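Here is the file target_38.cif (mmCIF, C-alpha atoms).
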```cif
data_model
loop_
_atom_site.label_atom_id
_atom_site.label_comp_id
_atom_site.auth_asym_id
_atom_site.auth_seq_id
_atom_site.Cartn_x
_atom_site.Cartn_y
_atom_site.Cartn_z
CA MET A 1 130.64 70.07 83.43
CA LYS A 2 126.96 69.19 83.08
CA ILE A 3 125.20 72.33 81.95
CA LEU A 4 121.47 72.93 81.50
CA VAL A 5 120.64 75.77 79.13
CA ILE A 6 117.05 77.02 79.33
CA GLU A 7 116.61 79.21 76.28
CA ASP A 8 113.79 79.70 73.79
CA THR A 9 115.61 81.72 71.11
CA GLU A 10 117.14 79.46 68.51
CA LEU A 11 120.02 81.82 67.80
CA HIS A 12 121.15 81.72 71.43
CA VAL A 13 120.61 77.94 71.67
CA GLU A 14 122.95 77.49 68.69
CA ALA A 15 125.45 79.85 70.33
CA ALA A 16 125.41 77.79 73.53
CA ALA A 17 125.93 74.57 71.57
CA GLU A 18 128.96 76.11 69.79
CA GLN A 19 130.51 77.94 72.72
CA LEU A 20 130.05 75.29 75.41
CA VAL A 21 130.93 72.34 73.21
CA ASP A 22 133.43 70.99 75.73
CA HIS A 23 130.69 70.43 78.29
CA THR A 24 127.79 68.00 78.55
CA LEU A 25 124.82 70.08 77.51
CA SER A 26 121.08 69.74 77.97
CA PHE A 27 118.62 72.17 76.43
CA ALA A 28 115.15 73.23 77.50
CA SER A 29 113.07 75.82 75.69
CA SER A 30 110.37 76.61 78.24
CA TYR A 31 109.74 76.88 81.96
CA GLU A 32 108.06 73.48 82.23
CA GLU A 33 110.76 71.76 80.27
CA GLY A 34 113.36 73.40 82.52
CA VAL A 35 111.52 72.16 85.61
CA GLN A 36 111.39 68.63 84.22
CA TYR A 37 115.15 68.63 83.68
CA LEU A 38 115.84 70.04 87.16
CA ASP A 39 113.56 67.44 88.72
CA GLY A 40 115.13 64.57 86.84
CA LYS A 41 118.85 65.23 86.60
CA LYS A 42 121.77 66.79 88.43
CA PHE A 43 123.62 69.70 86.87
CA ASP A 44 126.76 71.62 87.69
CA VAL A 45 125.53 74.76 85.97
CA VAL A 46 122.15 76.15 84.93
CA LEU A 47 122.06 79.03 82.46
CA THR A 48 118.61 80.42 81.87
CA ASP A 49 116.99 83.10 79.79
CA LEU A 50 114.65 85.57 81.53
CA LEU A 51 111.52 85.71 79.37
CA MET A 52 109.94 82.56 78.00
CA ALA A 53 106.63 80.76 77.67
CA LYS A 54 105.33 78.33 80.23
CA GLY A 55 105.55 75.43 77.79
CA GLY A 56 102.50 73.57 79.00
CA ASN A 57 99.22 73.95 80.82
CA SER A 58 99.75 71.80 83.89
CA VAL A 59 97.92 73.09 86.98
CA MET A 60 96.21 75.80 84.95
CA GLY A 61 92.49 76.45 85.31
CA ALA A 62 90.38 78.66 83.08
CA GLN A 63 92.03 81.93 84.08
CA GLY A 64 95.57 80.56 84.20
CA MET A 65 95.27 79.07 80.72
CA LYS A 66 95.11 82.59 79.27
CA TYR A 67 98.78 83.09 80.02
CA ILE A 68 100.37 79.88 78.82
CA PHE A 69 101.87 81.37 75.65
CA ASP A 70 102.85 84.70 77.21
CA LEU A 71 106.54 85.47 77.52
CA LEU A 72 106.87 85.90 81.28
CA PRO A 73 109.95 86.19 83.53
CA TYR A 74 110.18 82.50 84.35
CA GLY A 75 113.94 82.95 84.62
CA PHE A 76 113.46 84.14 88.20
CA PRO A 77 111.58 81.12 89.58
CA LEU A 78 113.94 78.86 87.63
CA ILE A 79 117.05 80.22 89.35
CA PHE A 80 115.42 79.71 92.75
CA LEU A 81 114.40 76.19 91.80
CA ALA A 82 117.95 75.46 90.63
CA ALA A 83 119.28 76.78 93.96
CA LYS A 84 116.79 74.60 95.80
CA LYS A 85 118.14 71.65 93.78
CA ARG A 86 121.65 72.66 94.90
CA VAL A 87 123.01 73.42 91.44
CA PRO A 88 126.43 74.93 92.22
CA TYR A 89 126.41 77.67 89.55
CA ILE A 90 123.36 79.45 88.19
CA GLY A 91 123.16 82.24 85.65
CA LEU A 92 120.16 84.23 84.45
CA VAL A 93 121.03 85.97 81.20
CA THR A 94 118.72 88.25 79.23
CA ASP A 95 119.27 89.75 75.81
CA VAL A 96 116.40 92.20 76.27
CA ASN A 97 117.49 95.80 76.58
CA HIS A 98 116.47 97.37 79.88
CA HIS A 99 114.52 100.06 77.99
CA ASP A 100 112.40 97.44 76.26
CA HIS A 101 110.88 95.49 79.12
CA PRO A 102 110.33 96.29 82.80
CA MET A 103 111.59 92.86 83.86
CA SER A 104 114.88 93.56 82.11
CA ALA A 105 115.09 96.92 83.87
CA CYS A 106 114.70 95.04 87.19
CA ILE A 107 118.09 93.45 86.56
CA ASP A 108 119.93 96.81 86.66
CA PRO A 109 120.14 97.10 90.46
CA LEU A 110 121.00 93.39 90.72
CA SER A 111 124.08 93.64 88.53
CA SER A 112 124.28 96.49 86.04
CA ALA A 113 122.38 98.09 83.16
CA TYR A 114 124.50 96.20 80.66
CA TRP A 115 127.21 93.58 80.84
CA SER A 116 130.51 94.70 82.25
CA ASP A 117 133.13 92.20 83.31
CA GLY A 118 133.90 93.84 86.64
CA ASP A 119 130.32 94.63 87.71
CA SER A 120 129.13 91.18 86.72
CA GLN A 121 131.74 89.55 88.90
CA ARG A 122 130.98 91.78 91.87
CA SER A 123 127.24 91.23 91.61
CA LEU A 124 127.28 87.49 92.23
CA LEU A 125 124.89 86.29 94.92
CA ARG A 126 124.82 83.23 97.09
CA ILE A 127 121.56 81.37 97.52
CA ASN A 128 122.00 78.35 99.79
CA GLU A 129 125.17 76.75 98.41
CA SER A 130 124.69 78.10 94.90
CA ILE A 131 126.56 80.94 93.25
CA VAL A 132 124.01 82.97 91.29
CA GLY A 133 124.51 85.65 88.68
CA ILE A 134 121.71 87.73 87.15
CA PHE A 135 122.92 89.57 84.07
CA HIS A 136 122.25 91.52 80.97
CA ALA A 137 123.90 89.39 78.35
CA PRO A 138 127.33 89.91 76.89
CA PHE A 139 127.21 89.44 73.14
CA ILE A 140 129.37 88.05 70.45
CA ASP A 141 128.10 88.56 66.90
CA GLN A 142 124.62 89.38 68.28
CA LYS A 143 124.48 86.05 70.11
CA LYS A 144 124.67 85.62 73.86
CA ASP A 145 128.24 85.03 74.97
CA TRP A 146 127.56 82.12 77.29
CA ARG A 147 131.25 81.40 77.72
CA LYS A 148 131.78 84.81 79.29
CA VAL A 149 128.84 84.26 81.65
CA LEU A 150 130.21 80.87 82.67
CA GLU A 151 133.66 82.34 83.34
CA ALA A 152 132.11 85.05 85.53
CA LEU A 153 130.23 82.42 87.55
CA LEU A 154 133.20 80.10 87.96
CA GLN A 155 135.68 82.74 89.00
CA MET B 1 91.89 77.93 52.53
CA LYS B 2 94.15 76.26 55.06
CA SER B 3 92.56 75.72 58.44
CA GLY B 4 94.00 74.43 61.68
CA PHE B 5 91.70 72.38 63.91
CA LEU B 6 92.84 72.34 67.52
CA SER B 7 91.64 69.02 68.79
CA ALA B 8 91.13 68.38 72.49
CA TYR B 9 88.33 65.86 72.33
CA GLU B 10 87.76 62.77 70.26
CA GLY B 11 84.42 61.51 69.12
CA PRO B 12 81.57 62.08 66.71
CA ILE B 13 81.09 65.76 67.58
CA SER B 14 84.68 66.63 66.71
CA ASP B 15 84.44 64.45 63.60
CA LEU B 16 81.37 66.40 62.58
CA PHE B 17 83.19 69.72 62.79
CA LEU B 18 86.00 68.31 60.66
CA LEU B 19 83.43 67.13 58.16
CA PHE B 20 81.93 70.61 57.94
CA LEU B 21 85.36 72.09 57.26
CA ARG B 22 86.22 69.57 54.57
CA SER B 23 82.79 69.94 52.98
CA ALA B 24 83.49 73.65 52.64
CA GLN B 25 86.59 72.67 50.62
CA HIS B 26 89.09 73.82 53.23
CA GLU B 27 92.36 72.02 53.81
CA VAL B 28 92.41 70.90 57.44
CA SER B 29 95.52 70.41 59.59
CA LEU B 30 94.87 68.68 62.91
CA TYR B 31 96.73 69.72 66.04
CA GLN B 32 96.47 68.35 69.52
CA GLN B 33 95.48 71.25 71.74
CA SER B 34 97.98 70.18 74.39
CA SER B 35 100.94 70.51 72.01
CA PHE B 36 99.79 73.38 69.80
CA ARG B 37 101.95 76.51 69.69
CA PRO B 38 100.89 79.81 68.06
CA VAL B 39 104.07 79.77 65.93
CA TYR B 40 102.56 76.88 63.98
CA VAL B 41 100.13 79.32 62.35
CA GLN B 42 102.95 81.01 60.48
CA ARG B 43 105.02 77.86 60.10
CA ASP B 44 102.16 76.00 58.44
CA ALA B 45 100.68 79.06 56.65
CA LEU B 46 97.28 78.64 58.26
CA ASP B 47 94.53 81.03 57.23
CA PHE B 48 92.24 80.38 60.17
CA LEU B 49 91.88 78.22 63.27
CA VAL B 50 88.96 76.30 64.68
CA MET B 51 88.73 75.05 68.22
CA GLU B 52 86.17 73.43 70.45
CA GLY B 53 85.19 74.49 73.92
CA ARG B 54 83.53 72.09 76.30
CA PHE B 55 85.07 72.99 79.65
CA PRO B 56 86.04 76.25 81.34
CA HIS B 57 89.77 75.84 80.69
CA ASP B 58 88.98 75.81 76.94
CA ASP B 59 87.80 79.40 77.30
CA GLY B 60 91.17 80.21 78.84
CA PHE B 61 93.00 78.44 76.04
CA LEU B 62 91.00 80.46 73.51
CA PHE B 63 92.35 83.67 74.99
CA ALA B 64 95.87 82.25 75.12
CA VAL B 65 95.78 81.53 71.38
CA ALA B 66 93.91 84.71 70.43
CA LYS B 67 96.56 86.86 72.11
CA HIS B 68 99.31 85.35 70.02
CA THR B 69 97.92 84.95 66.55
CA PRO B 70 96.14 87.43 64.27
CA VAL B 71 94.35 84.89 62.07
CA SER B 72 90.61 84.29 62.42
CA LEU B 73 89.81 81.99 65.29
CA LEU B 74 86.45 80.24 65.26
CA TYR B 75 85.42 78.95 68.68
CA LEU B 76 82.75 76.27 68.80
CA ARG B 77 81.52 76.56 72.35
CA ALA B 78 79.27 73.80 73.55
CA GLN B 79 77.22 75.56 76.16
CA ARG B 80 75.41 72.38 77.03
CA PHE B 81 78.58 71.02 78.64
CA PHE B 82 79.31 73.81 81.04
CA GLU B 83 78.31 77.23 82.21
CA PRO B 84 77.99 80.14 79.82
CA MET B 85 81.13 82.22 79.39
CA ASN B 86 81.54 84.48 82.39
CA ALA B 87 80.74 88.17 81.98
CA GLN B 88 84.35 89.28 82.42
CA ASP B 89 85.55 86.94 79.70
CA GLU B 90 82.73 88.06 77.40
CA LYS B 91 83.88 91.66 77.83
CA GLU B 92 87.48 90.66 77.22
CA LEU B 93 86.54 88.79 74.05
CA ILE B 94 85.58 92.10 72.45
CA LEU B 95 89.26 92.99 72.46
CA TYR B 96 89.87 90.17 69.97
CA PRO B 97 87.85 91.03 66.86
CA HIS B 98 89.42 88.12 64.99
CA VAL B 99 87.69 85.66 67.34
CA LYS B 100 84.17 84.51 66.61
CA MET B 101 82.32 82.37 69.09
CA TYR B 102 79.54 80.02 68.14
CA THR B 103 77.31 78.81 70.93
CA LEU B 104 76.34 75.29 70.09
CA PHE B 105 73.69 73.01 71.44
CA ASP B 106 71.51 75.89 72.45
CA LEU B 107 68.39 73.80 72.44
CA ASP B 108 66.07 76.80 72.22
CA GLN B 109 67.61 78.42 69.20
CA GLU B 110 70.18 76.11 67.63
CA LEU B 111 71.79 78.95 65.69
CA GLY B 112 75.43 78.24 66.43
CA ILE B 113 75.96 75.36 64.01
CA LYS B 114 74.04 77.11 61.22
CA GLN B 115 76.10 80.26 61.56
CA PHE B 116 79.36 78.31 61.66
CA ILE B 117 78.50 76.43 58.46
CA ALA B 118 77.52 79.68 56.74
CA ASP B 119 80.75 81.41 57.79
CA ILE B 120 83.17 78.68 56.74
CA GLY B 121 81.33 78.41 53.45
CA ALA B 122 82.00 82.09 52.86
CA PHE B 123 85.73 81.98 53.72
CA GLY B 124 87.95 82.55 50.74
CA LYS B 125 85.09 83.61 48.46
#
```

Now that the file is in, can you turn its structure into structure tokens?
Amino acid sequence: MKILVIEDTELHVEAAAEQLVDHTLSFASSYEEGVQYLDGKKFDVVLTDLLMAKGGNSVMGAQGMKYIFDLLPYGFPLIFLAAKKRVPYIGLVTDVNHHDHPMSACIDPLSSAYWSDGDSQRSLLRINESIVGIFHAPFIDQKKDWRKVLEALLQ
Amino acid sequence: MKSGFLSAYEGPISDLFLLFLRSAQHEVSLYQQSSFRPVYVQRDALDFLVMEGRFPHDDGFLFAVAKHTPVSLLYLRAQRFFEPMNAQDEKELILYPHVKMYTLFDLDQELGIKQFIADIGAFGK
């Protein structure tokens, strides 16, 4: 499958490269890079982090420029953009504990407060023709377990 | 000391600022403003940053960098090119004590350049 991974933490990028080695992978490390990939190519799966930097200053005026390095929840607009682009499977996966950031806490009512196989499956949404999952990450050796997320989406 | 010059504009004015830095015996690393990331400060062991401001979005970029790096940030703001910094931004700048703004090309007083040269001469001494 053609998978786009939008992730700014090197540890989790390496994990994706190892775990999803049987797939054709593309990597983006910021919102703008993710948008460029979604505009330019077709993917079967998009897996995105929640918090990241904008990755550029396009469209920004004086006030907007102040935020270009801030870690903001770009994962949310990215999953909607991926759905708009008709990506069949979309996962938003955060490693941030729900006590540590309000945007992570927002994920609790969407799936669960932490990864659980059953809850994650039951929490899948449909946006247009896309299957969408919004999760707290499962981990393996402190790295995101992308394989588990992909299995949950594909089932 | 190691300085990072965030370059957004080419020309003799920018060259002049680089000359001042080198004359003060500082090592200068040049970065394009459009591709600079705050992580480069640690990666490249920079002691301070210098950037130019000629247009309003440069003020915004100043805040973007200031929020994400603790090293001294010297902002050469060319007031002649655009409006003075707005009052809200001036208030917000107080929250970043590691930022120093130099108003250049103030034709009445012309203090900005003099102060900048004095400050970079004193760095590391």

Within 8 Å of Ser123 (chain A) using only C-alpha atoms, minus same-chain residues under 5 positions, as a list in words: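 So, after excluding close chain neighbours, the residues are Leu110, Ser111, Gly133 and Ile134 of chain A.
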
Residue members of the PyMOL selection byres ((chain B) within 9 of (chain A)) in the file shown, as an MDAnalysis selection string: chainID B and resid 34:35 37:38 55:65 67:68

Written file, previous selection with C-alpha atoms, as an mmCIF file, in the frame of the given file:
```
data_model
loop_
_atom_site.group_PDB
_atom_site.id
_atom_site.type_symbol
_atom_site.label_atom_id
_atom_site.label_comp_id
_atom_site.auth_asym_id
_atom_site.auth_seq_id
_atom_site.Cartn_x
_atom_site.Cartn_y
_atom_site.Cartn_z
ATOM 1 C CA SER B 34 97.980 70.180 74.390
ATOM 2 C CA SER B 35 100.940 70.510 72.010
ATOM 3 C CA ARG B 37 101.950 76.510 69.690
ATOM 4 C CA PRO B 38 100.890 79.810 68.060
ATOM 5 C CA PHE B 55 85.070 72.990 79.650
ATOM 6 C CA PRO B 56 86.040 76.250 81.340
ATOM 7 C CA HIS B 57 89.770 75.840 80.690
ATOM 8 C CA ASP B 58 88.980 75.810 76.940
ATOM 9 C CA ASP B 59 87.800 79.400 77.300
ATOM 10 C CA GLY B 60 91.170 80.210 78.840
ATOM 11 C CA PHE B 61 93.000 78.440 76.040
ATOM 12 C CA LEU B 62 91.000 80.460 73.510
ATOM 13 C CA PHE B 63 92.350 83.670 74.990
ATOM 14 C CA ALA B 64 95.870 82.250 75.120
ATOM 15 C CA VAL B 65 95.780 81.530 71.380
ATOM 16 C CA LYS B 67 96.560 86.860 72.110
ATOM 17 C CA HIS B 68 99.310 85.350 70.020
#
```

Point-to-point distance from CA of Ala152 (chain A) to CA of Leu4 (chain A), Å rounded to tenths: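 Spanning CA of Ala152 (chain A) to CA of Leu4 (chain A) is a straight-line distance of 16.6 Å.
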
Between CA of His136 (chain A) and CA of Asp95 (chain A) - distance in Å to one decimal: 6.2 Å

Might you spell out which residues the PyMOL selection byres ((chain A and resi 76) around 12) would select in the displayed file, as a PDB file with C-alpha atoms, in the coordinates of the input?
```pdb
ATOM      1  CA  ILE A   6     117.050  77.020  79.330  1.00  0.00           C
ATOM      2  CA  TYR A  31     109.740  76.880  81.960  1.00  0.00           C
ATOM      3  CA  LEU A  47     122.060  79.030  82.460  1.00  0.00           C
ATOM      4  CA  THR A  48     118.610  80.420  81.870  1.00  0.00           C
ATOM      5  CA  ASP A  49     116.990  83.100  79.790  1.00  0.00           C
ATOM      6  CA  LEU A  50     114.650  85.570  81.530  1.00  0.00           C
ATOM      7  CA  LEU A  51     111.520  85.710  79.370  1.00  0.00           C
ATOM      8  CA  MET A  52     109.940  82.560  78.000  1.00  0.00           C
ATOM      9  CA  LEU A  72     106.870  85.900  81.280  1.00  0.00           C
ATOM     10  CA  PRO A  73     109.950  86.190  83.530  1.00  0.00           C
ATOM     11  CA  TYR A  74     110.180  82.500  84.350  1.00  0.00           C
ATOM     12  CA  GLY A  75     113.940  82.950  84.620  1.00  0.00           C
ATOM     13  CA  PRO A  77     111.580  81.120  89.580  1.00  0.00           C
ATOM     14  CA  LEU A  78     113.940  78.860  87.630  1.00  0.00           C
ATOM     15  CA  ILE A  79     117.050  80.220  89.350  1.00  0.00           C
ATOM     16  CA  PHE A  80     115.420  79.710  92.750  1.00  0.00           C
ATOM     17  CA  LEU A  81     114.400  76.190  91.800  1.00  0.00           C
ATOM     18  CA  ALA A  82     117.950  75.460  90.630  1.00  0.00           C
ATOM     19  CA  ALA A  83     119.280  76.780  93.960  1.00  0.00           C
ATOM     20  CA  ILE A  90     123.360  79.450  88.190  1.00  0.00           C
ATOM     21  CA  GLY A  91     123.160  82.240  85.650  1.00  0.00           C
ATOM     22  CA  LEU A  92     120.160  84.230  84.450  1.00  0.00           C
ATOM     23  CA  VAL A  93     121.030  85.970  81.200  1.00  0.00           C
ATOM     24  CA  THR A  94     118.720  88.250  79.230  1.00  0.00           C
ATOM     25  CA  MET A 103     111.590  92.860  83.860  1.00  0.00           C
ATOM     26  CA  SER A 104     114.880  93.560  82.110  1.00  0.00           C
ATOM     27  CA  CYS A 106     114.700  95.040  87.190  1.00  0.00           C
ATOM     28  CA  ILE A 107     118.090  93.450  86.560  1.00  0.00           C
ATOM     29  CA  VAL A 132     124.010  82.970  91.290  1.00  0.00           C
ATOM     30  CA  GLY A 133     124.510  85.650  88.680  1.00  0.00           C
ATOM     31  CA  ILE A 134     121.710  87.730  87.150  1.00  0.00           C
ATOM     32  CA  PHE A 135     122.920  89.570  84.070  1.00  0.00           C
TER      33      PHE A 135
END
```

Proximity to Asp44 (chain A) - best of A:Lys85, A:Ala16, A:Ile3, A:Pro102, only C-alpha atoms: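 Once distances to Asp44 (chain A) are computed over only C-alpha atoms, the minimum belongs to A:Ile3.
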
Point (87.7, 93.0, 69.3) neighbourhood (12 Å, all atoms listed in the file) written as a list of chain:residue names: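 Using all atoms listed in the file, the matching residues come out as B:Phe63, B:Ala66, B:Lys67, B:Pro70, B:Ser72, B:Leu73, B:Glu90, B:Lys91, B:Glu92, B:Leu93, B:Ile94, B:Leu95, B:Tyr96, B:Pro97, B:His98, B:Val99, B:Lys100, B:Met101.
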
Selection result of the PyMOL selection byres ((chain B and resi 26) around 7) on this file, as a PyMOL selection string: chain B and resi 1-3+21-22+24-25+27-28

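Counting only C-alpha atoms, the residue from A:Asp108, A:Asp117, A:Glu129, A:Glu18 that sits nearest to Lys148 (chain A) is A:Asp117.
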
CA of Ala137 (chain A) to CA of Leu20 (chain A), straight-line distance in Å: 15.7 Å

Selection as an MDAnalysis selection string: residues within 10 Å of (79.6, 80.9, 78.0), counting all atoms listed in the file: chainID B and resid 53:56 59 77:87 89:90 101:103

Nearby residues (only C-alpha atoms) at most 12 Å from region 41-43 of chain A, same-chain spacing under 5 positions excluded, as a PyMOL selection string: chain A and resi 1-5+23-27+34-36+82-90+130

Could those residues be written to a file, using C-alpha atoms, as a short mmCIF file (atom, residue, chain, number, x, y, z; two decimals), in the coordinates of the input?
```cif
data_model
loop_
_atom_site.label_atom_id
_atom_site.label_comp_id
_atom_site.auth_asym_id
_atom_site.auth_seq_id
_atom_site.Cartn_x
_atom_site.Cartn_y
_atom_site.Cartn_z
CA MET A 1 130.64 70.07 83.43
CA LYS A 2 126.96 69.19 83.08
CA ILE A 3 125.20 72.33 81.95
CA LEU A 4 121.47 72.93 81.50
CA VAL A 5 120.64 75.77 79.13
CA HIS A 23 130.69 70.43 78.29
CA THR A 24 127.79 68.00 78.55
CA LEU A 25 124.82 70.08 77.51
CA SER A 26 121.08 69.74 77.97
CA PHE A 27 118.62 72.17 76.43
CA GLY A 34 113.36 73.40 82.52
CA VAL A 35 111.52 72.16 85.61
CA GLN A 36 111.39 68.63 84.22
CA ALA A 82 117.95 75.46 90.63
CA ALA A 83 119.28 76.78 93.96
CA LYS A 84 116.79 74.60 95.80
CA LYS A 85 118.14 71.65 93.78
CA ARG A 86 121.65 72.66 94.90
CA VAL A 87 123.01 73.42 91.44
CA PRO A 88 126.43 74.93 92.22
CA TYR A 89 126.41 77.67 89.55
CA ILE A 90 123.36 79.45 88.19
CA SER A 130 124.69 78.10 94.90
#
```
